[in-house]
Amino acid sequence: MLSDKQKEIILSTVPLLREGGVALTTHFYNRMFSHHPELKNLFNMGNQQSGKQQTALALAVLAYAENISNPAVLMPAVDLIGHKHTSLNIQPEQYNIVGTHLLASIKEVLQDLATDEVLDAWKVAYGQLAQLMIGHETKMYQDKEQTNGQWVGWKNFVVERKEKESAEITSFYLVTEDGSEAPNFIPGQFVSVKVFLPSINLTQIRQYSISCAPNKNYLRISVKRERNEKLDVNGMISNFLHDEIHEGSVLSLSAPAGNFTLQNLFSKKVFISGGIGQTPLLSMLEYLEDTSDKNELVWIHACRNAEVRAFADCIDSIAETNTQVKQHQFYDVVDETLAEKGVYKGMLDFSKIDKWQFESNAEYYICGPKPFIEKAVKELTDNKVSEEHIFYEEFGPKSI
């Protein structure tokens, strides 16, 4: 356990972490990969390439240091990271590797400022955090072992069907290779998909939201093709699935994970998505539409144009047959025909929606790019919607 003196020492390093945290984590990753190149098959090299991973870890370390006297406040973050770690099959011994290279990096980056007292304090602090994470993840692994249809580690699935949803998005319908039932999951969760990329000679793991309601027959993931000329590894994985994975191909999947899931606070639920961010929300919408007629459901989606809008027929059909479902579309490009159908031009703007009201007794689920999420959350909170009723997920690194 950390002594009061050691907690004071950890707090004294907070200014250093604020100023140089990314430099520290960048050094850490470079050091760890030089000693353990095999870990490049586990870590997201796309987020390494963009710097997102280094920034995410720096912010996590800073948050831990700032709350060293009361780490319990970090439990929501611990749970979020735990879901990511269990989907990657992270094991306790890997925490030892991280700890070794993190402490060495503190010494090498801070140099004279990394006194023996500072290093001793951070060694105990990291050990405390590692045990917290390992304990939480152990329970999560045990829950998977005890949940019918789930598993720990990797399981093979066969692509039963590959279906184009828009000019950019393709769905993969996945069935178990051994013929067992598809696992149950909570709408909004994701699976990790493991593929080998010949172009970089590495295995990489990528998370994809499950885009269908729970059923016993299949899992569905829906993947956006990336067209950026400066493609990072994440885009390579998505494009590899589009180009190289066909009906009959086998993919290795983790069991479903994630805590961006349906709550049961109110009967009214508002789904707000930008682009590919609609995938976890579609799982929620399909589930509620199938299981209950007591919910008032609002679907708000923004994308560039009708050509890239995915699941149009599915969502239109749900809205047409279920009077409890209302949908609103925002396109960058809107012609006269679309305008007559009620499609709004421009970015998400609640004020354009006919008879729109910000209701306090509703749940709001948001998924999309970071600026999209930030804008939507700000507008909701500015209009007296409680943060406790707003749930969102940005696709990106959680910590490692």
# chains A, B, ... in the order shown; residues from 1 in each chain; ligands from 1
call {"tool": "residues_around", "arguments": {"residues": "stretch 366-381 of chain A", "least_positions_apart": "2", "cutoff": "7 Å", "atoms": "only C-alpha atoms", "output": "VMD selection string"}}
result
chain A and resid 271 to 278 364 383 to 387 391 to 394
call {"tool": "select_by_dssp", "arguments": {"residues": "stretch 209-273 of chain A", "states": "helix (DSSP H, G or I)", "output": "VMD selection string"}}
result
chain A and resid 233 to 244
call {"tool": "write_last_selection", "arguments": {"atoms": "N, CA and C atoms", "output": "PDB file, in the first residue's frame"}}
result
ATOM      1  N   VAL A 233      -2.884   2.082 -39.953  1.00  0.00           N
ATOM      2  CA  VAL A 233      -3.103   0.639 -39.834  1.00  0.00           C
ATOM      3  C   VAL A 233      -4.571   0.316 -39.601  1.00  0.00           C
ATOM      4  N   ASN A 234      -5.288   1.190 -38.861  1.00  0.00           N
ATOM      5  CA  ASN A 234      -6.715   0.937 -38.644  1.00  0.00           C
ATOM      6  C   ASN A 234      -7.455   0.874 -39.978  1.00  0.00           C
ATOM      7  N   GLY A 235      -7.141   1.811 -40.862  1.00  0.00           N
ATOM      8  CA  GLY A 235      -7.771   1.804 -42.174  1.00  0.00           C
ATOM      9  C   GLY A 235      -7.364   0.589 -42.989  1.00  0.00           C
ATOM     10  N   MET A 236      -6.127   0.152 -42.805  1.00  0.00           N
ATOM     11  CA  MET A 236      -5.667  -1.047 -43.509  1.00  0.00           C
ATOM     12  C   MET A 236      -6.490  -2.269 -43.114  1.00  0.00           C
ATOM     13  N   ILE A 237      -6.820  -2.365 -41.817  1.00  0.00           N
ATOM     14  CA  ILE A 237      -7.595  -3.511 -41.340  1.00  0.00           C
ATOM     15  C   ILE A 237      -8.999  -3.481 -41.946  1.00  0.00           C
ATOM     16  N   SER A 238      -9.644  -2.327 -41.895  1.00  0.00           N
ATOM     17  CA  SER A 238     -10.991  -2.213 -42.459  1.00  0.00           C
ATOM     18  C   SER A 238     -10.984  -2.529 -43.948  1.00  0.00           C
ATOM     19  N   ASN A 239     -10.006  -1.990 -44.674  1.00  0.00           N
ATOM     20  CA  ASN A 239      -9.945  -2.254 -46.112  1.00  0.00           C
ATOM     21  C   ASN A 239      -9.571  -3.705 -46.407  1.00  0.00           C
ATOM     22  N   PHE A 240      -8.744  -4.310 -45.541  1.00  0.00           N
ATOM     23  CA  PHE A 240      -8.421  -5.727 -45.691  1.00  0.00           C
ATOM     24  C   PHE A 240      -9.690  -6.571 -45.602  1.00  0.00           C
ATOM     25  N   LEU A 241     -10.564  -6.234 -44.656  1.00  0.00           N
ATOM     26  CA  LEU A 241     -11.823  -6.968 -44.531  1.00  0.00           C
ATOM     27  C   LEU A 241     -12.663  -6.808 -45.798  1.00  0.00           C
ATOM     28  N   HIS A 242     -12.725  -5.578 -46.326  1.00  0.00           N
ATOM     29  CA  HIS A 242     -13.489  -5.335 -47.551  1.00  0.00           C
ATOM     30  C   HIS A 242     -12.923  -6.129 -48.726  1.00  0.00           C
ATOM     31  N   ASP A 243     -11.592  -6.133 -48.860  1.00  0.00           N
ATOM     32  CA  ASP A 243     -10.960  -6.660 -50.073  1.00  0.00           C
ATOM     33  C   ASP A 243     -10.601  -8.136 -50.011  1.00  0.00           C
ATOM     34  N   GLU A 244     -10.257  -8.626 -48.811  1.00  0.00           N
ATOM     35  CA  GLU A 244      -9.688  -9.969 -48.714  1.00  0.00           C
ATOM     36  C   GLU A 244     -10.568 -10.974 -47.973  1.00  0.00           C
TER      37      GLU A 244
END
call {"tool": "closest_residue", "arguments": {"among": "A:Asp382, A:Glu137, A:Asp293, A:Asp313", "to": "A:Val325", "atoms": "only C-alpha atoms"}}
result
A:Asp293
call {"tool": "atom_distance", "arguments": {"atom1": "atom CA of A:Leu174", "atom2": "atom CA of A:Arg161"}}
result
7.4 Å
call {"tool": "closest_residue", "arguments": {"among": "A:Gln128, A:Glu363, A:Ile106, A:His101", "to": "A:His36", "atoms": "only C-alpha atoms"}}
result
A:His101
call {"tool": "closest_atom_pairs", "arguments": {"of": "stretch 184-297 of chain A", "to": "stretch 77-83 of chain A", "cutoff": "12 Å", "atoms": "only C-alpha atoms", "output": "tab-separated table"}}
result
residue	atom	partner	partner_atom	distance
A:Gln189	CA	A:His83	CA	9.6
A:Phe190	CA	A:His83	CA	9.5
A:Val191	CA	A:His83	CA	10.2
A:Ser192	CA	A:His83	CA	10.7
A:Gln207	CA	A:His83	CA	11.1
A:Ser254	CA	A:His83	CA	11.0
A:Ala255	CA	A:His83	CA	10.3
A:Pro256	CA	A:His83	CA	9.0
A:Ala257	CA	A:His83	CA	5.5
A:Gly258	CA	A:His83	CA	5.2
A:Asn259	CA	A:Leu80	CA	6.6
A:Phe260	CA	A:Leu80	CA	8.8
A:Thr261	CA	A:Leu80	CA	11.7
call {"tool": "write_last_selection", "arguments": {"atoms": "N, CA and C atoms", "output": "PDB file, in the first residue's frame"}}
result
ATOM      1  N   GLN A 189     -22.626  -3.422 -27.542  1.00  0.00           N
ATOM      2  CA  GLN A 189     -21.295  -3.984 -27.316  1.00  0.00           C
ATOM      3  C   GLN A 189     -20.561  -4.238 -28.639  1.00  0.00           C
ATOM      4  N   PHE A 190     -19.263  -4.575 -28.502  1.00  0.00           N
ATOM      5  CA  PHE A 190     -18.412  -4.809 -29.661  1.00  0.00           C
ATOM      6  C   PHE A 190     -17.719  -6.156 -29.550  1.00  0.00           C
ATOM      7  N   VAL A 191     -17.120  -6.577 -30.642  1.00  0.00           N
ATOM      8  CA  VAL A 191     -16.201  -7.720 -30.632  1.00  0.00           C
ATOM      9  C   VAL A 191     -14.865  -7.248 -31.186  1.00  0.00           C
ATOM     10  N   SER A 192     -13.793  -7.918 -30.780  1.00  0.00           N
ATOM     11  CA  SER A 192     -12.488  -7.692 -31.391  1.00  0.00           C
ATOM     12  C   SER A 192     -12.302  -8.712 -32.506  1.00  0.00           C
ATOM     13  N   GLN A 207     -11.522  -3.379 -32.966  1.00  0.00           N
ATOM     14  CA  GLN A 207     -12.849  -3.533 -32.386  1.00  0.00           C
ATOM     15  C   GLN A 207     -13.918  -3.031 -33.358  1.00  0.00           C
ATOM     16  N   SER A 254     -13.094 -12.148 -30.411  1.00  0.00           N
ATOM     17  CA  SER A 254     -13.244 -12.194 -28.961  1.00  0.00           C
ATOM     18  C   SER A 254     -14.725 -12.268 -28.628  1.00  0.00           C
ATOM     19  N   ALA A 255     -15.024 -12.592 -27.374  1.00  0.00           N
ATOM     20  CA  ALA A 255     -16.418 -12.543 -26.919  1.00  0.00           C
ATOM     21  C   ALA A 255     -16.862 -11.085 -26.843  1.00  0.00           C
ATOM     22  N   PRO A 256     -18.164 -10.807 -26.966  1.00  0.00           N
ATOM     23  CA  PRO A 256     -18.658  -9.426 -26.895  1.00  0.00           C
ATOM     24  C   PRO A 256     -18.236  -8.737 -25.597  1.00  0.00           C
ATOM     25  N   ALA A 257     -17.935  -7.451 -25.714  1.00  0.00           N
ATOM     26  CA  ALA A 257     -17.514  -6.651 -24.563  1.00  0.00           C
ATOM     27  C   ALA A 257     -17.966  -5.217 -24.787  1.00  0.00           C
ATOM     28  N   GLY A 258     -17.787  -4.383 -23.753  1.00  0.00           N
ATOM     29  CA  GLY A 258     -18.122  -2.968 -23.863  1.00  0.00           C
ATOM     30  C   GLY A 258     -19.222  -2.556 -22.911  1.00  0.00           C
ATOM     31  N   ASN A 259     -19.132  -1.315 -22.407  1.00  0.00           N
ATOM     32  CA  ASN A 259     -20.148  -0.821 -21.466  1.00  0.00           C
ATOM     33  C   ASN A 259     -20.955   0.348 -22.012  1.00  0.00           C
ATOM     34  N   PHE A 260     -20.861   0.601 -23.318  1.00  0.00           N
ATOM     35  CA  PHE A 260     -21.758   1.556 -23.966  1.00  0.00           C
ATOM     36  C   PHE A 260     -23.003   0.781 -24.368  1.00  0.00           C
ATOM     37  N   THR A 261     -23.914   0.628 -23.407  1.00  0.00           N
ATOM     38  CA  THR A 261     -25.042  -0.279 -23.582  1.00  0.00           C
ATOM     39  C   THR A 261     -26.341   0.385 -23.149  1.00  0.00           C
TER      40      THR A 261
END
call {"tool": "residues_around", "arguments": {"residues": "A:Phe196", "least_positions_apart": "4", "cutoff": "10 Å", "atoms": "only C-alpha atoms", "output": "JSON, numbers by chain"}}
result
{"A": [41, 200, 201, 202, 203, 204, 205, 237, 240]}
call {"tool": "write_last_selection", "arguments": {"atoms": "C-alpha atoms", "output": "compact mmCIF listing (two decimals), in the first residue's frame"}}
result
# COMPACT_ATOMS: atom_id res chain seq x y z
CA ASN A 41 0.84 -7.88 -32.62
CA ILE A 200 3.17 -4.84 -42.34
CA ASN A 201 3.85 -8.47 -41.40
CA LEU A 202 1.90 -8.12 -38.15
CA THR A 203 -1.26 -9.50 -36.60
CA GLN A 204 -3.57 -6.65 -35.62
CA ILE A 205 -6.73 -6.50 -33.55
CA ILE A 237 -7.59 -3.51 -41.34
CA PHE A 240 -8.42 -5.73 -45.69
call {"tool": "select_by_dssp", "arguments": {"residues": "stretch 12-253 of chain A", "states": "strand (DSSP E or B)", "output": "ChimeraX atom specification"}}
result
/A:155-164,169-176,190-197,202-210,219-224,250-253
call {"tool": "write_last_selection", "arguments": {"atoms": "N, CA and C atoms", "output": "tab-separated table (two decimals), in the first residue's frame"}}
result
chain	number	residue	atom	x	y	z
A	155	LYS	N	-12.15	-17.15	-30.76
A	155	LYS	CA	-12.99	-18.21	-31.31
A	155	LYS	C	-13.20	-17.94	-32.79
A	156	ASN	N	-13.19	-19.00	-33.59
A	156	ASN	CA	-13.33	-18.85	-35.03
A	156	ASN	C	-14.79	-18.71	-35.46
A	157	PHE	N	-15.01	-17.74	-36.35
A	157	PHE	CA	-16.32	-17.51	-36.97
A	157	PHE	C	-16.15	-17.53	-38.48
A	158	VAL	N	-17.17	-17.97	-39.16
A	158	VAL	CA	-17.18	-18.03	-40.62
A	158	VAL	C	-18.06	-16.90	-41.16
A	159	VAL	N	-17.59	-16.25	-42.21
A	159	VAL	CA	-18.41	-15.22	-42.87
A	159	VAL	C	-19.49	-15.94	-43.68
A	160	GLU	N	-20.70	-15.93	-43.17
A	160	GLU	CA	-21.81	-16.59	-43.86
A	160	GLU	C	-22.34	-15.73	-45.01
A	161	ARG	N	-22.33	-14.42	-44.77
A	161	ARG	CA	-22.84	-13.50	-45.79
A	161	ARG	C	-22.10	-12.18	-45.71
A	162	LYS	N	-21.86	-11.57	-46.86
A	162	LYS	CA	-21.21	-10.26	-46.94
A	162	LYS	C	-22.15	-9.36	-47.74
A	163	GLU	N	-22.57	-8.26	-47.13
A	163	GLU	CA	-23.64	-7.46	-47.73
A	163	GLU	C	-23.27	-5.98	-47.75
A	164	LYS	N	-23.35	-5.36	-48.90
A	164	LYS	CA	-23.03	-3.94	-49.04
A	164	LYS	C	-24.19	-3.12	-48.51
A	169	ILE	N	-19.88	1.28	-46.62
A	169	ILE	CA	-20.03	0.35	-45.50
A	169	ILE	C	-20.53	-1.01	-45.98
A	170	THR	N	-19.86	-2.06	-45.50
A	170	THR	CA	-20.25	-3.44	-45.81
A	170	THR	C	-20.43	-4.21	-44.51
A	171	SER	N	-21.48	-5.02	-44.46
A	171	SER	CA	-21.75	-5.86	-43.28
A	171	SER	C	-21.24	-7.27	-43.51
A	172	PHE	N	-20.74	-7.87	-42.41
A	172	PHE	CA	-20.29	-9.25	-42.41
A	172	PHE	C	-21.15	-10.02	-41.40
A	173	TYR	N	-21.86	-11.02	-41.89
A	173	TYR	CA	-22.68	-11.87	-41.03
A	173	TYR	C	-21.82	-13.07	-40.62
A	174	LEU	N	-21.58	-13.23	-39.32
A	174	LEU	CA	-20.61	-14.19	-38.81
A	174	LEU	C	-21.30	-15.29	-38.01
A	175	VAL	N	-21.02	-16.54	-38.35
A	175	VAL	CA	-21.57	-17.69	-37.63
A	175	VAL	C	-20.40	-18.49	-37.06
A	176	THR	N	-20.65	-19.19	-35.96
A	176	THR	CA	-19.56	-19.94	-35.31
A	176	THR	C	-19.10	-21.07	-36.22
A	190	PHE	N	-19.26	-4.58	-28.50
A	190	PHE	CA	-18.41	-4.81	-29.66
A	190	PHE	C	-17.72	-6.16	-29.55
A	191	VAL	N	-17.12	-6.58	-30.64
A	191	VAL	CA	-16.20	-7.72	-30.63
A	191	VAL	C	-14.86	-7.25	-31.19
A	192	SER	N	-13.79	-7.92	-30.78
A	192	SER	CA	-12.49	-7.69	-31.39
A	192	SER	C	-12.30	-8.71	-32.51
A	193	VAL	N	-11.74	-8.26	-33.60
A	193	VAL	CA	-11.45	-9.11	-34.75
A	193	VAL	C	-9.94	-9.12	-34.96
A	194	LYS	N	-9.36	-10.31	-35.08
A	194	LYS	CA	-7.91	-10.44	-35.23
A	194	LYS	C	-7.58	-10.89	-36.65
A	195	VAL	N	-6.73	-10.11	-37.33
A	195	VAL	CA	-6.34	-10.47	-38.69
A	195	VAL	C	-4.83	-10.28	-38.85
A	196	PHE	N	-4.25	-11.00	-39.80
A	196	PHE	CA	-2.84	-10.83	-40.15
A	196	PHE	C	-2.75	-9.93	-41.37
A	197	LEU	N	-1.97	-8.84	-41.25
A	197	LEU	CA	-1.79	-7.91	-42.36
A	197	LEU	C	-0.45	-8.17	-43.03
A	202	LEU	N	2.34	-8.10	-39.54
A	202	LEU	CA	1.90	-8.12	-38.15
A	202	LEU	C	0.46	-8.60	-38.06
A	203	THR	N	0.13	-9.26	-36.96
A	203	THR	CA	-1.26	-9.50	-36.60
A	203	THR	C	-1.77	-8.23	-35.91
A	204	GLN	N	-2.97	-7.82	-36.27
A	204	GLN	CA	-3.57	-6.65	-35.62
A	204	GLN	C	-4.99	-6.97	-35.18
A	205	ILE	N	-5.41	-6.27	-34.13
A	205	ILE	CA	-6.73	-6.50	-33.55
A	205	ILE	C	-7.51	-5.20	-33.63
A	206	ARG	N	-8.74	-5.29	-34.08
A	206	ARG	CA	-9.57	-4.10	-34.23
A	206	ARG	C	-10.93	-4.38	-33.64
A	207	GLN	N	-11.52	-3.38	-32.97
A	207	GLN	CA	-12.85	-3.53	-32.39
A	207	GLN	C	-13.92	-3.03	-33.36
A	208	TYR	N	-14.98	-3.83	-33.49
A	208	TYR	CA	-16.12	-3.44	-34.32
A	208	TYR	C	-17.40	-3.65	-33.52
A	209	SER	N	-18.24	-2.63	-33.50
A	209	SER	CA	-19.53	-2.76	-32.83
A	209	SER	C	-20.38	-3.83	-33.50
A	210	ILE	N	-21.14	-4.55	-32.71
A	210	ILE	CA	-22.11	-5.50	-33.25
A	210	ILE	C	-23.31	-4.67	-33.71
A	219	LEU	N	-23.62	-13.03	-35.54
A	219	LEU	CA	-23.21	-11.68	-35.17
A	219	LEU	C	-23.01	-10.92	-36.48
A	220	ARG	N	-23.30	-9.64	-36.43
A	220	ARG	CA	-23.06	-8.82	-37.62
A	220	ARG	C	-22.16	-7.65	-37.25
A	221	ILE	N	-21.09	-7.46	-38.00
A	221	ILE	CA	-20.29	-6.25	-37.88
A	221	ILE	C	-20.39	-5.51	-39.21
A	222	SER	N	-20.34	-4.19	-39.15
A	222	SER	CA	-20.48	-3.37	-40.35
A	222	SER	C	-19.28	-2.43	-40.42
A	223	VAL	N	-18.55	-2.53	-41.50
A	223	VAL	CA	-17.21	-1.93	-41.58
A	223	VAL	C	-17.17	-0.87	-42.68
A	224	LYS	N	-16.60	0.27	-42.34
A	224	LYS	CA	-16.46	1.36	-43.32
A	224	LYS	C	-15.13	1.24	-44.05
A	250	VAL	N	-12.67	-17.29	-42.65
A	250	VAL	CA	-12.72	-17.51	-41.20
A	250	VAL	C	-12.03	-16.35	-40.50
A	251	LEU	N	-12.69	-15.82	-39.46
A	251	LEU	CA	-12.14	-14.73	-38.66
A	251	LEU	C	-12.10	-15.15	-37.20
A	252	SER	N	-11.07	-14.70	-36.48
A	252	SER	CA	-10.98	-14.95	-35.04
A	252	SER	C	-11.59	-13.77	-34.29
A	253	LEU	N	-12.53	-14.08	-33.39
A	253	LEU	CA	-13.25	-13.05	-32.64
A	253	LEU	C	-13.09	-13.25	-31.14
call {"tool": "residues_around", "arguments": {"residues": "A:Met347", "least_positions_apart": "4", "cutoff": "8 Å", "atoms": "only C-alpha atoms", "output": "list in words"}}
result
Ala302, Phe330, Tyr331 and Asp332 of chain A
call {"tool": "write_last_selection", "arguments": {"atoms": "N, CA, C and O atoms", "output": "CSV table (one decimal), in the first residue's frame"}}
result
chain,number,residue,atom,x,y,z
A,302,ALA,N,-26.6,11.7,-39.0
A,302,ALA,CA,-26.0,12.7,-39.9
A,302,ALA,C,-24.9,12.0,-40.7
A,302,ALA,O,-24.1,11.2,-40.2
A,330,PHE,N,-29.8,14.1,-41.5
A,330,PHE,CA,-29.0,15.3,-41.9
A,330,PHE,C,-28.0,14.9,-42.9
A,330,PHE,O,-27.1,14.0,-42.6
A,331,TYR,N,-28.0,15.6,-44.1
A,331,TYR,CA,-27.0,15.3,-45.1
A,331,TYR,C,-26.3,16.6,-45.4
A,331,TYR,O,-26.9,17.7,-45.4
A,332,ASP,N,-25.0,16.5,-45.8
A,332,ASP,CA,-24.3,17.7,-46.3
A,332,ASP,C,-24.9,18.2,-47.6
A,332,ASP,O,-24.9,19.4,-47.9
call {"tool": "closest_residue", "arguments": {"among": "A:His328, A:Thr26, A:Val152, A:Phe311", "to": "A:Asn47", "atoms": "only C-alpha atoms"}}
result
A:Thr26
call {"tool": "residues_around", "arguments": {"residues": "A:Leu282", "least_positions_apart": "5", "cutoff": "9 Å", "atoms": "only C-alpha atoms", "output": "number ranges by chain"}}
result
A: 187-188, 210-213, 271, 287, 311, 315
call {"tool": "atom_distance", "arguments": {"atom1": "atom CA of A:Glu108", "atom2": "atom CA of A:Ser69"}}
result
26.2 Å
call {"tool": "residues_around", "arguments": {"residues": "A:Ala114", "least_positions_apart": "2", "cutoff": "12 Å", "atoms": "only C-alpha atoms", "output": "list in words"}}
result
Ile9, Ile10, Ser12, Thr13, Leu16, Leu103, Ala104, Ser105, Ile106, Lys107, Glu108, Val109, Leu110, Gln111, Asp112, Asp116, Glu117, Val118, Leu119, Asp120, Ala121, Trp122 and Lys123 of chain A
call {"tool": "write_last_selection", "arguments": {"atoms": "N, CA, C and O atoms", "output": "compact mmCIF listing (two decimals), in the first residue's frame"}}
result
# COMPACT_ATOMS: atom_id res chain seq x y z
N ILE A 9 4.45 12.30 -2.92
CA ILE A 9 5.46 12.27 -3.98
C ILE A 9 4.78 12.10 -5.35
O ILE A 9 5.13 12.79 -6.32
N ILE A 10 3.79 11.21 -5.42
CA ILE A 10 3.06 11.01 -6.67
C ILE A 10 2.38 12.32 -7.09
O ILE A 10 2.45 12.73 -8.25
N SER A 12 3.28 15.26 -6.38
CA SER A 12 4.29 16.25 -6.77
C SER A 12 4.74 16.06 -8.22
O SER A 12 5.31 16.99 -8.82
N THR A 13 4.50 14.89 -8.79
CA THR A 13 4.89 14.65 -10.18
C THR A 13 3.80 15.05 -11.17
O THR A 13 4.03 15.00 -12.39
N LEU A 16 4.76 17.61 -13.82
CA LEU A 16 5.65 17.01 -14.82
C LEU A 16 4.86 16.18 -15.83
O LEU A 16 5.14 16.20 -17.04
N LEU A 103 8.48 2.21 -15.49
CA LEU A 103 9.40 2.72 -14.46
C LEU A 103 10.75 3.08 -15.06
O LEU A 103 11.36 4.11 -14.71
N ALA A 104 11.25 2.25 -15.97
CA ALA A 104 12.52 2.57 -16.62
C ALA A 104 12.40 3.85 -17.43
O ALA A 104 13.33 4.66 -17.47
N SER A 105 11.25 4.06 -18.06
CA SER A 105 11.04 5.27 -18.85
C SER A 105 10.99 6.51 -17.97
O SER A 105 11.50 7.58 -18.35
N ILE A 106 10.36 6.39 -16.79
CA ILE A 106 10.32 7.52 -15.85
C ILE A 106 11.75 7.92 -15.50
O ILE A 106 12.09 9.11 -15.49
N LYS A 107 12.58 6.95 -15.23
CA LYS A 107 13.97 7.23 -14.87
C LYS A 107 14.73 7.86 -16.03
O LYS A 107 15.48 8.83 -15.85
N GLU A 108 14.53 7.32 -17.22
CA GLU A 108 15.29 7.79 -18.38
C GLU A 108 14.82 9.15 -18.88
O GLU A 108 15.62 9.96 -19.36
N VAL A 109 13.52 9.44 -18.76
CA VAL A 109 12.99 10.72 -19.26
C VAL A 109 13.16 11.82 -18.22
O VAL A 109 13.57 12.94 -18.56
N LEU A 110 12.85 11.52 -16.97
CA LEU A 110 12.95 12.55 -15.92
C LEU A 110 14.38 12.74 -15.42
O LEU A 110 14.68 13.77 -14.80
N GLN A 111 15.20 11.75 -15.64
CA GLN A 111 16.62 11.81 -15.28
C GLN A 111 16.80 12.20 -13.80
O GLN A 111 16.37 11.49 -12.91
N ASP A 112 17.44 13.36 -13.52
CA ASP A 112 17.76 13.72 -12.13
C ASP A 112 16.51 13.90 -11.28
O ASP A 112 16.57 13.77 -10.04
N ASP A 116 15.36 8.20 -6.20
CA ASP A 116 14.98 6.87 -5.70
C ASP A 116 13.61 6.92 -5.04
O ASP A 116 12.83 5.97 -5.17
N GLU A 117 13.32 8.01 -4.32
CA GLU A 117 12.01 8.15 -3.66
C GLU A 117 10.89 8.19 -4.69
O GLU A 117 9.83 7.57 -4.50
N VAL A 118 11.09 8.95 -5.76
CA VAL A 118 10.07 9.05 -6.81
C VAL A 118 9.86 7.69 -7.47
O VAL A 118 8.71 7.25 -7.66
N LEU A 119 10.94 7.02 -7.80
CA LEU A 119 10.82 5.71 -8.45
C LEU A 119 10.17 4.69 -7.53
O LEU A 119 9.33 3.88 -7.98
N ASP A 120 10.51 4.70 -6.25
CA ASP A 120 9.90 3.77 -5.30
C ASP A 120 8.40 4.04 -5.18
O ASP A 120 7.59 3.09 -5.12
N ALA A 121 8.04 5.32 -5.13
CA ALA A 121 6.62 5.68 -5.00
C ALA A 121 5.83 5.22 -6.23
O ALA A 121 4.74 4.64 -6.12
N TRP A 122 6.40 5.45 -7.42
CA TRP A 122 5.70 5.05 -8.63
C TRP A 122 5.67 3.53 -8.81
O TRP A 122 4.72 2.99 -9.37
N LYS A 123 6.67 2.85 -8.28
CA LYS A 123 6.65 1.38 -8.34
C LYS A 123 5.48 0.84 -7.54
O LYS A 123 4.75 -0.04 -7.99
